[in-house]
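Undergrad: My questions will all concern the structure given below.
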Protein chains: 2
Amino acid sequence: MTTATTPLRVGFIGLGIMGRSMAGHLLAAGHELHVFNRSPGKADALAARGAHRRDGPGSVAAASDVVVTMVGFPADVEAIYLGPDGIVARANPDALLIDMTTSSPELARRIAAAAAARGLAALDAPVSGGDVGAREAKLSIMVGGDAVAFERALPLLKTMGTSVVRQGGPGAGQHTKMCNQIVIASTLIGVCEGLAYARRAGLDAATVLQSIGGGAAGGFQLNNLGPRILAGDFAPGFFVEHFLKDLGIALQEAGRMRLDLPGLAMAQRFHSELVAQGHGRDGTQALFLRYGA
Amino acid sequence: MTTATTPLRVGFIGLGIMGRSMAGHLLAAGHELHVFNRSPGKADALAARGAHRRDGPGSVAAASDVVVTMVGFPADVEAIYLGPDGIVARANPDALLIDMTTSSPELARRIAAAAAARGLAALDAPVSGGDVGAREAKLSIMVGGDAVAFERALPLLKTMGTSVVRQGGPGAGQHTKMCNQIVIASTLIGVCEGLAYARRAGLDAATVLQSIGGGAAGGFQLNNLGPRILAGDFAPGFFVEHFLKDLGIALQEAGRMRLDLPGLAMAQRFHSELVAQGHGRDGTQALFLRYGA
């Protein structure tokens, strides 16, 4: 049994914008870090700080007590966990596996079942808070999995986030993240439409933001993305293509539950159009462009 | 020219939930108050505090230096301002007219023109902040009209709100309020869909709110209406039927501008269905009911 103060052998797979900050916090907390990334250059900075490079998911797992993953798409998650030479196959006895990618609840349950069949514990623990939250260790971490594994993971997760909440059994973390993305999906439509209207009506949209940002329309999306939209700044805080992936998962899960979510469906279609138009690597606020305002 | 400290003869028409609080602040600030409401009982409390009852809009206007109105629908606004025995016809020379109803920008421009033809100043000054904002004099007030009239109105408006911003000429206050409602329209869809998903996925929705309320999905709608939705509390903070009116105005104006706002159109349809189902006098969070979760 691990405790808050024991240095662990921690594997970390996926060193993108979010992952490299998160892995850095684990290293700073004194853990022995074993890393792998598909583009090896992204491991350079961590290696310079003492992290050990590994040549694949299996090799990371074999070197670690806890394996943390933060990759792109559910297909990547499935490959690194369940593939040949994958994490589940190569993990040490009693290892703890934590997938922090936003991925499918159904896949999270399959990984938990495959892990359990080998006596391993697996958690799904997607995050919200973006690149800034990752850098400042202020993520909101939504966890699914069994309560004992959650307690074991808690000290590690607290080095990366300020809100770490167990939402239920396997898949519950992913389901909670879907709730988060569903709220954002329609909220962002409202933000873009409100600002498009402001522009088209000939108002000074920055002055409009001043009036409406502090009231019943106010929130993270309006107050953070609104000024970027008005500045014509579509640089990514969060990629359109990753948001589209999340919305697709949410729609699929809602379909399974026979829950009709027309706002979500509309948002998914709009972001799909954005990707088709070449905006996949812009930030989600690029949705504003569709309104031509 | 009036100043901040001169007691004025102020007329106030429309003493509903919002109006009666707002009129009370004017009375408390030392102004001589002349009131009229279609259902006269709503004037009782203010009359007991010294307000003078008048028998119609024209009679209020004849007794006042400044006339403030806060009624229900654009048709009401049009009748009290432009009708026979209306405010514009009966107002004193140099009177200042301030409509705080959420109404049509086009009507605000017509009233300003009719007022100007008689040498009167008119402002459109709709508010955001709900019953609580009105009670606590913390409204956000969005003003359209000429700059001199705005300066003249400012001391009075500051007795009712904390954010008082001139957004441009006649109609600009109403346009800004439309931006506010457009943002809220889709945001509320997102909030209801996210919570419906949470319920249907078998999560504890209150615990989900704990994870997502402080992050990128967070905002006034989620954080204020979310807990009411989960408690099954659909009592009105803001009536569905009034919101539907606002969304209708916004859609009509967007149509004039040839601006396609599909999120707004969806929200307008959903609230129209709610009204048809008898939920017009529920709070806007009753939108959650359509998801059957």
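Scheme for the structure tokens: letters A, B, ... for chains in order shown; per-chain residue numbers from 1; ligand numbers from 1 in order shown.
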Pick out the chain A residues within 6 Å of chain B. Count only C-alpha atoms. Give them as a PyMOL selection string.
TA: chain A and resi 179-180+182-184+186-187+190-191+194+212+216-220
Undergrad: Print the selection's residues with all heavy atoms to a file, as a tab-separated table (two decimals), in the first residue's frame.
TA:
chain	number	residue	atom	x	y	z
A	179	CYS	N	-20.50	15.48	-19.09
A	179	CYS	CA	-21.43	16.51	-18.60
A	179	CYS	C	-20.79	17.89	-18.76
A	179	CYS	O	-21.43	18.85	-19.21
A	179	CYS	CB	-21.76	16.31	-17.12
A	179	CYS	SG	-22.60	14.77	-16.78
A	180	ASN	N	-19.54	17.99	-18.37
A	180	ASN	CA	-18.79	19.24	-18.48
A	180	ASN	C	-18.76	19.73	-19.93
A	180	ASN	O	-19.07	20.89	-20.22
A	180	ASN	CB	-17.36	18.97	-17.98
A	180	ASN	CG	-16.52	20.21	-17.79
A	180	ASN	OD1	-16.74	20.99	-16.88
A	180	ASN	ND2	-15.53	20.39	-18.67
A	182	ILE	N	-20.73	18.86	-22.41
A	182	ILE	CA	-22.08	19.14	-22.91
A	182	ILE	C	-22.52	20.55	-22.50
A	182	ILE	O	-23.09	21.29	-23.31
A	182	ILE	CB	-23.09	18.07	-22.41
A	182	ILE	CG1	-22.79	16.73	-23.06
A	182	ILE	CG2	-24.52	18.51	-22.67
A	182	ILE	CD1	-23.49	15.53	-22.40
A	183	VAL	N	-22.25	20.93	-21.26
A	183	VAL	CA	-22.59	22.29	-20.82
A	183	VAL	C	-21.81	23.31	-21.66
A	183	VAL	O	-22.38	24.28	-22.17
A	183	VAL	CB	-22.28	22.50	-19.32
A	183	VAL	CG1	-22.52	23.96	-18.92
A	183	VAL	CG2	-23.13	21.56	-18.45
A	184	ILE	N	-20.52	23.06	-21.84
A	184	ILE	CA	-19.69	24.00	-22.60
A	184	ILE	C	-20.16	24.11	-24.05
A	184	ILE	O	-20.18	25.20	-24.63
A	184	ILE	CB	-18.21	23.58	-22.54
A	184	ILE	CG1	-17.66	23.78	-21.13
A	184	ILE	CG2	-17.37	24.35	-23.56
A	184	ILE	CD1	-16.27	23.23	-20.90
A	186	SER	N	-23.05	24.02	-25.67
A	186	SER	CA	-24.11	24.98	-25.98
A	186	SER	C	-23.76	26.37	-25.45
A	186	SER	O	-24.13	27.38	-26.07
A	186	SER	CB	-25.44	24.50	-25.42
A	186	SER	OG	-25.93	23.42	-26.21
A	187	THR	N	-23.06	26.43	-24.32
A	187	THR	CA	-22.67	27.74	-23.79
A	187	THR	C	-21.84	28.50	-24.82
A	187	THR	O	-22.04	29.70	-25.05
A	187	THR	CB	-21.86	27.57	-22.49
A	187	THR	OG1	-22.69	26.90	-21.53
A	187	THR	CG2	-21.44	28.92	-21.93
A	190	GLY	N	-23.90	30.03	-27.42
A	190	GLY	CA	-24.53	31.26	-26.92
A	190	GLY	C	-23.57	32.43	-26.91
A	190	GLY	O	-23.92	33.55	-27.30
A	191	VAL	N	-22.34	32.18	-26.48
A	191	VAL	CA	-21.33	33.25	-26.43
A	191	VAL	C	-21.06	33.79	-27.83
A	191	VAL	O	-21.04	35.01	-28.05
A	191	VAL	CB	-20.03	32.71	-25.79
A	191	VAL	CG1	-18.86	33.65	-26.02
A	191	VAL	CG2	-20.25	32.46	-24.29
A	194	GLY	N	-24.20	35.68	-29.17
A	194	GLY	CA	-24.40	36.97	-28.51
A	194	GLY	C	-23.41	38.01	-29.02
A	194	GLY	O	-23.77	39.17	-29.27
A	212	ILE	N	-22.54	42.72	-19.77
A	212	ILE	CA	-23.18	41.40	-19.61
A	212	ILE	C	-22.29	40.36	-18.92
A	212	ILE	O	-22.79	39.36	-18.43
A	212	ILE	CB	-23.70	40.84	-20.96
A	212	ILE	CG1	-22.57	40.35	-21.87
A	212	ILE	CG2	-24.56	41.88	-21.69
A	212	ILE	CD1	-23.06	39.71	-23.17
A	216	ALA	N	-26.18	37.51	-15.41
A	216	ALA	CA	-26.72	36.16	-15.58
A	216	ALA	C	-26.19	35.46	-16.82
A	216	ALA	O	-26.35	34.25	-16.97
A	216	ALA	CB	-28.24	36.22	-15.62
A	217	ALA	N	-25.54	36.19	-17.72
A	217	ALA	CA	-24.93	35.58	-18.90
A	217	ALA	C	-23.46	35.23	-18.64
A	217	ALA	O	-22.84	34.53	-19.43
A	217	ALA	CB	-25.01	36.54	-20.09
A	218	GLY	N	-22.93	35.72	-17.53
A	218	GLY	CA	-21.51	35.58	-17.25
A	218	GLY	C	-21.08	34.15	-16.95
A	218	GLY	O	-21.88	33.31	-16.54
A	219	GLY	N	-19.81	33.88	-17.19
A	219	GLY	CA	-19.26	32.56	-16.92
A	219	GLY	C	-17.89	32.44	-17.56
A	219	GLY	O	-17.44	33.36	-18.25
A	220	PHE	N	-17.27	31.30	-17.37
A	220	PHE	CA	-15.92	31.08	-17.85
A	220	PHE	C	-15.81	31.27	-19.36
A	220	PHE	O	-14.88	31.92	-19.86
A	220	PHE	CB	-15.48	29.67	-17.47
A	220	PHE	CG	-14.04	29.37	-17.82
A	220	PHE	CD1	-13.04	29.46	-16.86
A	220	PHE	CD2	-13.68	29.00	-19.11
A	220	PHE	CE1	-11.72	29.18	-17.17
A	220	PHE	CE2	-12.35	28.72	-19.43
A	220	PHE	CZ	-11.37	28.82	-18.46
Undergrad: Give me, as a PyMOL selection string, the residues of region 109-214 of chain A that a backbone DSSP run labels strand (DSSP E or B).
TA: chain A and resi 121-124+127-128+139-144+161-168
Undergrad: So which residues touch Leu120 (chain B) within 9 Å, counting only C-alpha atoms, skipping near sequence neighbours fewer than 2 positions away, as a list in words?
TA: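 Near Leu120 (chain B), the qualifying residues are Val88, Ala91, Asn92, Pro93, Asp94, Ala95, Leu96, Leu97, Ala112, Ala114, Ala115, Ala116, Ala117, Arg118 and Ala122 of chain B.
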Undergrad: Okay, now the selection with C-alpha atoms, as a PDB file, in the first residue's frame?
TA:
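Listed below is the output, result.pdb:
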ATOM      1  CA  VAL B  88     -45.012  61.270 -24.804  1.00  0.00           C
ATOM      2  CA  ALA B  91     -44.999  64.747 -20.544  1.00  0.00           C
ATOM      3  CA  ASN B  92     -43.831  68.106 -19.209  1.00  0.00           C
ATOM      4  CA  PRO B  93     -41.425  70.207 -21.295  1.00  0.00           C
ATOM      5  CA  ASP B  94     -37.854  69.034 -20.789  1.00  0.00           C
ATOM      6  CA  ALA B  95     -39.002  65.753 -19.214  1.00  0.00           C
ATOM      7  CA  LEU B  96     -36.727  62.710 -19.326  1.00  0.00           C
ATOM      8  CA  LEU B  97     -38.304  59.337 -20.226  1.00  0.00           C
ATOM      9  CA  ALA B 112     -36.949  58.335 -28.933  1.00  0.00           C
ATOM     10  CA  ALA B 114     -41.503  60.713 -31.008  1.00  0.00           C
ATOM     11  CA  ALA B 115     -40.062  62.165 -27.803  1.00  0.00           C
ATOM     12  CA  ALA B 116     -37.505  64.264 -29.715  1.00  0.00           C
ATOM     13  CA  ALA B 117     -40.296  65.662 -31.896  1.00  0.00           C
ATOM     14  CA  ARG B 118     -41.750  67.094 -28.684  1.00  0.00           C
ATOM     15  CA  ALA B 122     -35.878  59.284 -24.044  1.00  0.00           C
TER      16      ALA B 122
END
Undergrad: Can you list every residue in region 178-270 of chain A that DSSP puts in helix (DSSP H, G or I), as an MDAnalysis selection string?
TA: chainID A and resid 178:200 205:212 220:230 240:256 262:270
Undergrad: Residues at most 12 Å from Ser64 (chain A), counting only C-alpha atoms, excluding those fewer than 5 positions away in the same chain, as JSON, numbers by chain?
TA: {"A": [7, 8, 9, 10, 11, 12, 13, 31, 32, 33, 34, 35, 52, 54, 57, 58, 59, 87, 90, 91, 92, 93, 94, 95, 96, 97]}
Undergrad: Can those selected residues be exported to a file as a PDB file, in the first residue's frame so that it contains C-alpha atoms?
TA:
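After the write, result-v1.pdb holds the following:
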ATOM      1  CA  PRO A   7       8.195   8.121  -3.561  1.00  0.00           C
ATOM      2  CA  LEU A   8       6.788   5.845  -6.249  1.00  0.00           C
ATOM      3  CA  ARG A   9       7.897   4.616  -9.618  1.00  0.00           C
ATOM      4  CA  VAL A  10       5.430   6.498 -11.817  1.00  0.00           C
ATOM      5  CA  GLY A  11       5.019   5.927 -15.537  1.00  0.00           C
ATOM      6  CA  PHE A  12       3.645   8.736 -17.682  1.00  0.00           C
ATOM      7  CA  ILE A  13       2.529   8.261 -21.279  1.00  0.00           C
ATOM      8  CA  HIS A  31       8.630  10.428  -7.748  1.00  0.00           C
ATOM      9  CA  GLU A  32      10.799   8.332 -10.044  1.00  0.00           C
ATOM     10  CA  LEU A  33       9.357   9.100 -13.485  1.00  0.00           C
ATOM     11  CA  HIS A  34       9.336   6.809 -16.527  1.00  0.00           C
ATOM     12  CA  VAL A  35       8.054   8.475 -19.672  1.00  0.00           C
ATOM     13  CA  HIS A  52      13.737   8.013 -17.605  1.00  0.00           C
ATOM     14  CA  ARG A  54      11.065   4.298 -22.143  1.00  0.00           C
ATOM     15  CA  PRO A  57       3.697   1.686 -23.183  1.00  0.00           C
ATOM     16  CA  GLY A  58       4.659  -1.847 -22.121  1.00  0.00           C
ATOM     17  CA  SER A  59       8.135  -0.791 -21.144  1.00  0.00           C
ATOM     18  CA  ILE A  87      -0.073  -1.484 -20.213  1.00  0.00           C
ATOM     19  CA  ARG A  90       2.902  -5.661 -18.964  1.00  0.00           C
ATOM     20  CA  ALA A  91       1.930  -3.986 -15.659  1.00  0.00           C
ATOM     21  CA  ASN A  92       3.502  -5.162 -12.414  1.00  0.00           C
ATOM     22  CA  PRO A  93       1.376  -7.066  -9.890  1.00  0.00           C
ATOM     23  CA  ASP A  94      -0.643  -4.645  -7.785  1.00  0.00           C
ATOM     24  CA  ALA A  95       0.002  -1.740 -10.194  1.00  0.00           C
ATOM     25  CA  LEU A  96      -2.438   1.175 -10.344  1.00  0.00           C
ATOM     26  CA  LEU A  97      -3.449   2.446 -13.792  1.00  0.00           C
TER      27      LEU A  97
END
Undergrad: Have a look at A:Met160, A:Gln277, A:Gly145, A:Gly86 and name the one nearest to Ala28 (chain A); count only C-alpha atoms.
TA: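 For Ala28 (chain A), the nearest of the candidates is A:Met160.
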